[in-house]
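This report concerns only the one structure given below.
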Amino acid sequence: MATLEIDGRTFEVDGDGFLTDPSLWNEDVAKLFAKADGIELLNDNHWAIVNVIRKNFEENGNAPMVRTICKETGLKLKEIYDLFPLGPARGACRVAGLPKPDGCV
Amino acid sequence: MVTIDKEKREKALQILKNSNDSKLLTHLNACVRCGLCAGSCMYYLAMKDAKFIPARKVDLVTSIYRRYLTTQGKLMPALFNAKDLDDKMADEMVDLLFGGCTMCGRCVKHCSIGVDISYIVKKGREMLAAMDMVPKTLQSTVDAAINTGNNMGIPTEEFVDTIQWMEEELVDEMQDANARIPLDEQNKHIFYTLNPREPKFFPLSITAMAKVFYAAGESWTLSSKNYDVTNYGYFNGNNAEATQIARNLYDEVKNLHADVLVLGECGHGSRANRWEGPNYLKKEYEFENITAVELMAQYIREGRIKLDKSLNKELMTIHDPCNLIRNGGLLKEMRFVINSAAENVVEMNPYGNDNFCCGGGGGKLAMSEYNERRLKIGGIKAEQIKKTGAKVVITPCHNCVDQLVQINHTYKLGVQIKTIAEIVADALIIDKKQ
């Protein structure tokens with residue numbers, strides 16, 4: 001099992017840097033993971049996306065479609081890609097503490 | 001920890017005992033150890049560790065063959081470099097055949113006698129699959145495809161919702177209420193396929209292709225259930241699973257009575273369906289089976305779509321997906337399409353059949369276990385891109401796109417990554433039909 005150290009805190013993660021135990025997630029973890037991706041400060045739009053992803057994960061056990069993220073946050077696709085340059089999966093889902101989605105992402 | 005008992009070993013050895021496979025026996029026993037393959041392999045170049053030399057990977061499989069299937073190896077294993085298939089050997093195989101090879105086939109082109117090294121690697125993966133030793137993350141991608149019809153487990157209603165959303169975007173963009181993204185329609189000319197990452201996270205490439213179909217006035221459809229162009233069964237070494245996934249797509253094309261199966265921009269999916277599909281199913285496909293790249297080339301040649309390449313002015317470079325170019329023969333066809341759609345295209349060095357893999361091939365993007373290596377070998381691609389000075393990297397493979405996005409971020413390249421449908425859609429001149 002790999003570990004990831006950010007600002008003196010150590011997290012157990014999978015090889016792709018996704019949190020191994022999603023229940024350990026909290027807002028501080030999100031901030032630290034975002035920082036590791038070069039996002040110094042999570043703004044309201046970042047949080048809106050993270051919260052939709054988190055809610056979907058807690059209710060359905062998986063990452064939402066980007067369609068759901070757009071619908072529930074009112075953001076446009078392009079804005080989501082700009083906010084999380086690594087995309088909804090490797091960018092936003094990782095910050096939201098989800099396991100890595102399967103497939104080519 | 002998996003323990004290799006006699007029963008497991010026997011299952012793995014069955015793969016090597018297949019007497020119908022003359023290619024396997026020839027290629028297993030042909031390596032002359034010249035070492036030319038070393039400098040062709042991204043893993044060896046990036047890691048500088050001899051275990052990654054392609055000939056060494058072949059030798060893992062060959063040494064097992066010698067140990068159990070040759071007289072010398074049975075009697076005097078040490079003398080003939082024949083090795084037991086034990087726990088240590090199996091772990092080494094997992095590490096190098098799943099974790100240390102993208103099956104890109106660049107070494108095959110450089111091999112002095114043409115040993116099909118990736119084919120042997122694939123046979124090694126089949127042996128590991130027979131022993132239940134497929135990396136967990138890769139297997140879960142295959143399981144999702146088999147259990148749900150797509151490798152990301154997207155429920156049908158969510159897929160349909162996304163497609164309808166993209167259709168609304170298309171209607172807006174074309175300012176034509178009749179612009180469509182048809183679903184489950186029978187007797188259409190074309191059955192189009194997607195990589196599930198498109199509907200799940202990156203749907204703009206769906207609209208881009210829909211725009212191309214719109215401009216060409218094509219009769220086409222998507223299926224709401226079996227639209228997945230990928231087949232990770234090609235990578236996990238389980239041919240029964242690969243066959244099942246290929247059959248699902250084949251059956252759906254037949255159900256909807258389409259004339260042509262068009263494989264969306266996906267390297268391994270194109271290979272697994274177009275070239276391997278008939279082998280998996282042991283039958284010739286009754287419908288035509290082509291890639292989206294070839295279809296767009298046809299449209300351009302026949303004048304069915306018109307492009308203004310001055311609409312793509314930025315300096316662009318091309319990444320050659322291994323399974324479409326080196327292993328798929330689309331070198332010129334792809335460049336014909338790209339050069340028809342973009343004004344300012346520069347090649348990488350090396351390019352075409354000799355280009356490097358993105359680093360995410362062979363199922364690597366699905367295997368978290370080897371993420372660190374994947375990004376490290378991706379450094380070679382990052383250097384290639386940097387040297388071109390291009391601002392956009394074009395590639396007709398969604399798997400490559402994802403790896404390139406990550407490389408872009410990791411190595412701070414500051415480029416955009418686009419599929420071919422996206423640059424073609426950007427260059428389209430749409431005749432307004434009244």
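To be explicit about the labels: the chains of the structure tokens are called A, B, and onward in the order shown, and within each one the residues are counted from 1, while ligands get numbers from 1 in the order they are shown.
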
Within 8 Å of chain A: each chain B residue with its shortest pair, only C-alpha atoms, as CSV:
```
residue,atom,partner,partner_atom,distance
B:Thr137,CA,A:Asp102,CA,7.3
B:Ser140,CA,A:Asp102,CA,7.1
B:Thr141,CA,A:Asp102,CA,5.3
B:Asn151,CA,A:Gly103,CA,5.7
B:Met152,CA,A:Asp102,CA,5.5
B:Glu158,CA,A:Met65,CA,7.4
B:Asp161,CA,A:Arg67,CA,8.0
B:Thr162,CA,A:Arg67,CA,6.0
B:Trp165,CA,A:Arg67,CA,7.9
B:Pro196,CA,A:Gly103,CA,7.7
B:Arg197,CA,A:Cys104,CA,6.5
B:Pro199,CA,A:Met65,CA,7.4
B:Lys200,CA,A:Met65,CA,4.8
B:Phe201,CA,A:Val66,CA,5.0
B:Phe202,CA,A:Val66,CA,7.5
B:Leu365,CA,A:Cys104,CA,5.7
B:Ala366,CA,A:Gly103,CA,5.5
B:Ser368,CA,A:Gly15,CA,4.6
B:Glu369,CA,A:Gly15,CA,4.9
B:Tyr370,CA,A:Gly15,CA,6.5
B:Asn371,CA,A:Gly15,CA,5.4
B:Glu372,CA,A:Gly15,CA,7.1
B:His398,CA,A:Cys104,CA,7.2
B:Asn399,CA,A:Cys104,CA,5.2
B:Asp402,CA,A:Val105,CA,5.9
B:Val405,CA,A:Leu86,CA,6.7
B:Gln406,CA,A:Leu86,CA,6.6
B:His409,CA,A:Leu86,CA,7.1
```

Which residues, written as an NGL selection string, have at least one atom at most 12 Å from segment 65-80 of chain B, with only C-alpha atoms counted and residues fewer than 3 positions away on the same chain left out?
:B and (9-10 or 12-19 or 24-25 or 27-29 or 58-62 or 83-86 or 120 or 123-124 or 127)

Taking C-alpha atoms for each residue, export the selection above as a PDB file, in the first residue's frame.
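To be explicit, this is the file written out as part.pdb:
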```pdb
ATOM      1  CA  ARG B   9       0.693 -24.582 -12.828  1.00  0.00           C
ATOM      2  CA  GLU B  10      -0.913 -27.134 -15.103  1.00  0.00           C
ATOM      3  CA  ALA B  12      -0.795 -22.109 -17.075  1.00  0.00           C
ATOM      4  CA  LEU B  13       1.245 -24.704 -18.947  1.00  0.00           C
ATOM      5  CA  GLN B  14      -1.777 -25.569 -21.074  1.00  0.00           C
ATOM      6  CA  ILE B  15      -1.303 -22.195 -22.789  1.00  0.00           C
ATOM      7  CA  LEU B  16       2.181 -23.262 -23.889  1.00  0.00           C
ATOM      8  CA  LYS B  17       1.052 -26.738 -24.861  1.00  0.00           C
ATOM      9  CA  ASN B  18      -1.359 -25.483 -27.479  1.00  0.00           C
ATOM     10  CA  SER B  19      -0.130 -27.411 -30.490  1.00  0.00           C
ATOM     11  CA  LEU B  24       3.957 -19.306 -30.349  1.00  0.00           C
ATOM     12  CA  LEU B  25       6.545 -22.066 -30.618  1.00  0.00           C
ATOM     13  CA  HIS B  27       8.616 -16.960 -31.490  1.00  0.00           C
ATOM     14  CA  LEU B  28       9.283 -18.521 -28.094  1.00  0.00           C
ATOM     15  CA  ASN B  29      12.435 -20.160 -29.368  1.00  0.00           C
ATOM     16  CA  VAL B  58      10.297 -13.124 -23.355  1.00  0.00           C
ATOM     17  CA  ASP B  59      12.835 -15.234 -21.509  1.00  0.00           C
ATOM     18  CA  LEU B  60      10.534 -15.550 -18.488  1.00  0.00           C
ATOM     19  CA  VAL B  61       7.995 -17.382 -20.613  1.00  0.00           C
ATOM     20  CA  THR B  62      10.611 -19.282 -22.603  1.00  0.00           C
ATOM     21  CA  LYS B  83      13.070 -22.410 -14.649  1.00  0.00           C
ATOM     22  CA  ASP B  84      10.319 -23.621 -12.360  1.00  0.00           C
ATOM     23  CA  LEU B  85       6.975 -21.899 -12.479  1.00  0.00           C
ATOM     24  CA  ASP B  86       6.864 -21.245  -8.741  1.00  0.00           C
ATOM     25  CA  ILE B 120       4.762 -13.573 -26.069  1.00  0.00           C
ATOM     26  CA  LYS B 123       0.787 -15.364 -23.752  1.00  0.00           C
ATOM     27  CA  GLY B 124       2.512 -14.793 -20.400  1.00  0.00           C
ATOM     28  CA  MET B 127      -0.746 -17.936 -18.169  1.00  0.00           C
TER      29      MET B 127
END
```

Using only C-alpha atoms, which residue out of B:Leu183, B:Met42, B:Met296, B:Met89 lies closest to Ile380 of chain B?
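Of the candidates, the smallest distance to Ile380 of chain B is held by B:Met42.
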
May I have all residues of chain A that DSSP, computed from the backbone, assigns to alpha helix (DSSP H), given as a tab-separated table (two decimals) with C-alpha atoms, in the first residue's frame?
```tsv
chain	number	residue	atom	x	y	z
A	27	GLU	CA	-12.56	18.93	4.26
A	28	ASP	CA	-8.99	19.22	5.45
A	29	VAL	CA	-8.08	16.13	3.44
A	30	ALA	CA	-9.72	17.70	0.37
A	31	LYS	CA	-7.67	20.86	0.82
A	32	LEU	CA	-4.44	18.91	1.16
A	33	PHE	CA	-5.12	16.68	-1.86
A	34	ALA	CA	-6.03	19.73	-3.94
A	35	LYS	CA	-2.82	21.42	-2.88
A	36	ALA	CA	-0.83	18.40	-4.01
A	44	ASP	CA	-16.90	27.92	-3.83
A	45	ASN	CA	-17.15	26.27	-7.24
A	46	HIS	CA	-14.53	23.68	-6.34
A	47	TRP	CA	-16.46	22.90	-3.17
A	48	ALA	CA	-19.76	22.69	-5.04
A	49	ILE	CA	-18.26	20.03	-7.33
A	50	VAL	CA	-16.60	18.14	-4.48
A	51	ASN	CA	-19.83	18.11	-2.48
A	52	VAL	CA	-21.90	16.74	-5.39
A	53	ILE	CA	-19.34	13.99	-5.95
A	54	ARG	CA	-19.20	13.17	-2.25
A	55	LYS	CA	-22.98	13.06	-1.92
A	56	ASN	CA	-23.31	10.80	-4.96
A	57	PHE	CA	-20.63	8.49	-3.57
A	58	GLU	CA	-22.31	8.27	-0.18
A	59	GLU	CA	-25.70	7.55	-1.74
A	60	ASN	CA	-24.76	5.32	-4.70
A	66	VAL	CA	-20.22	14.75	-15.21
A	67	ARG	CA	-23.80	15.42	-16.35
A	68	THR	CA	-24.95	15.20	-12.71
A	69	ILE	CA	-22.14	17.47	-11.58
A	70	CYS	CA	-23.13	20.11	-14.16
A	71	LYS	CA	-26.84	19.80	-13.37
A	72	GLU	CA	-26.45	20.09	-9.62
A	73	THR	CA	-23.78	22.79	-9.52
A	77	LEU	CA	-18.42	21.53	-18.61
A	78	LYS	CA	-15.57	23.83	-19.54
A	79	GLU	CA	-15.64	25.41	-16.09
A	80	ILE	CA	-15.32	22.00	-14.48
A	81	TYR	CA	-12.31	21.12	-16.64
A	82	ASP	CA	-10.74	24.50	-15.82
A	83	LEU	CA	-11.33	24.10	-12.08
A	87	GLY	CA	-10.48	16.20	-15.03
A	94	ARG	CA	-9.53	12.26	-5.89
A	95	VAL	CA	-9.99	15.50	-3.96
```

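When DSSP is run on the backbone, the residues of segment 39-244 of chain B that fall into strand (DSSP E or B) are Leu183, Ile190, Phe191, Tyr192, Leu194, Trp220, Thr221, Leu222 and Asp228 of chain B.
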
Generate the output file for the selected residues, C-alpha atoms, as a short mmCIF file (atom, residue, chain, number, x, y, z; two decimals), in the first residue's frame.
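The resulting file, selection09.cif, is reproduced below:
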```
data_model
loop_
_atom_site.label_atom_id
_atom_site.label_comp_id
_atom_site.auth_asym_id
_atom_site.auth_seq_id
_atom_site.Cartn_x
_atom_site.Cartn_y
_atom_site.Cartn_z
CA LEU B 183 -30.20 5.99 -29.79
CA ILE B 190 -23.59 3.17 -39.08
CA PHE B 191 -23.43 1.79 -35.55
CA TYR B 192 -21.11 4.09 -33.62
CA LEU B 194 -17.77 5.14 -27.50
CA TRP B 220 -26.26 6.43 -37.73
CA THR B 221 -27.10 5.29 -34.24
CA LEU B 222 -25.66 4.59 -30.83
CA ASP B 228 -18.49 0.34 -25.30
#
```

Quick one: which segment 180-223 of chain B residues come within 7 Å of segment 416-422 of chain B, and what is the nearest atom pair for each with the distance in Å to one decimal, counting only C-alpha atoms, rows ordered by chain and ascending number, as a Markdown table?
```
| residue | atom | partner | partner_atom | distance |
| --- | --- | --- | --- | --- |
| B:Ser205 | CA | B:Glu422 | CA | 6.1 |
| B:Ala208 | CA | B:Glu422 | CA | 5.3 |
| B:Met209 | CA | B:Ala421 | CA | 5.4 |
```

Please, could you write that set of residues out with C-alpha atoms as an mmCIF file, in the first residue's frame?
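Saved the output as again.cif:
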```
data_model
loop_
_atom_site.group_PDB
_atom_site.id
_atom_site.type_symbol
_atom_site.label_atom_id
_atom_site.label_comp_id
_atom_site.auth_asym_id
_atom_site.auth_seq_id
_atom_site.Cartn_x
_atom_site.Cartn_y
_atom_site.Cartn_z
ATOM 1 C CA SER B 205 -15.971 14.276 -27.995
ATOM 2 C CA ALA B 208 -17.795 16.493 -31.879
ATOM 3 C CA MET B 209 -18.407 13.188 -33.684
#
```

Could you please determine the separation between atom CA of Val134 of chain B and atom CA of Gly264 of chain B in Å, to one decimal place?
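Spanning atom CA of Val134 of chain B to atom CA of Gly264 of chain B is a straight-line distance of 26.6 Å.
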
With a distance cut-off of 7 Å and only C-alpha atoms, select the neighbouring residues of Gly100 of chain B, excluding the residue or stretch itself and same-chain residues fewer than 4 positions from it, and output the selection as a ChimeraX atom specification.
/B:43,52,95-96

Point-to-point distance from atom CA of Gly360 of chain B to atom CA of Asp87 of chain B, Å rounded to tenths:
27.2 Å
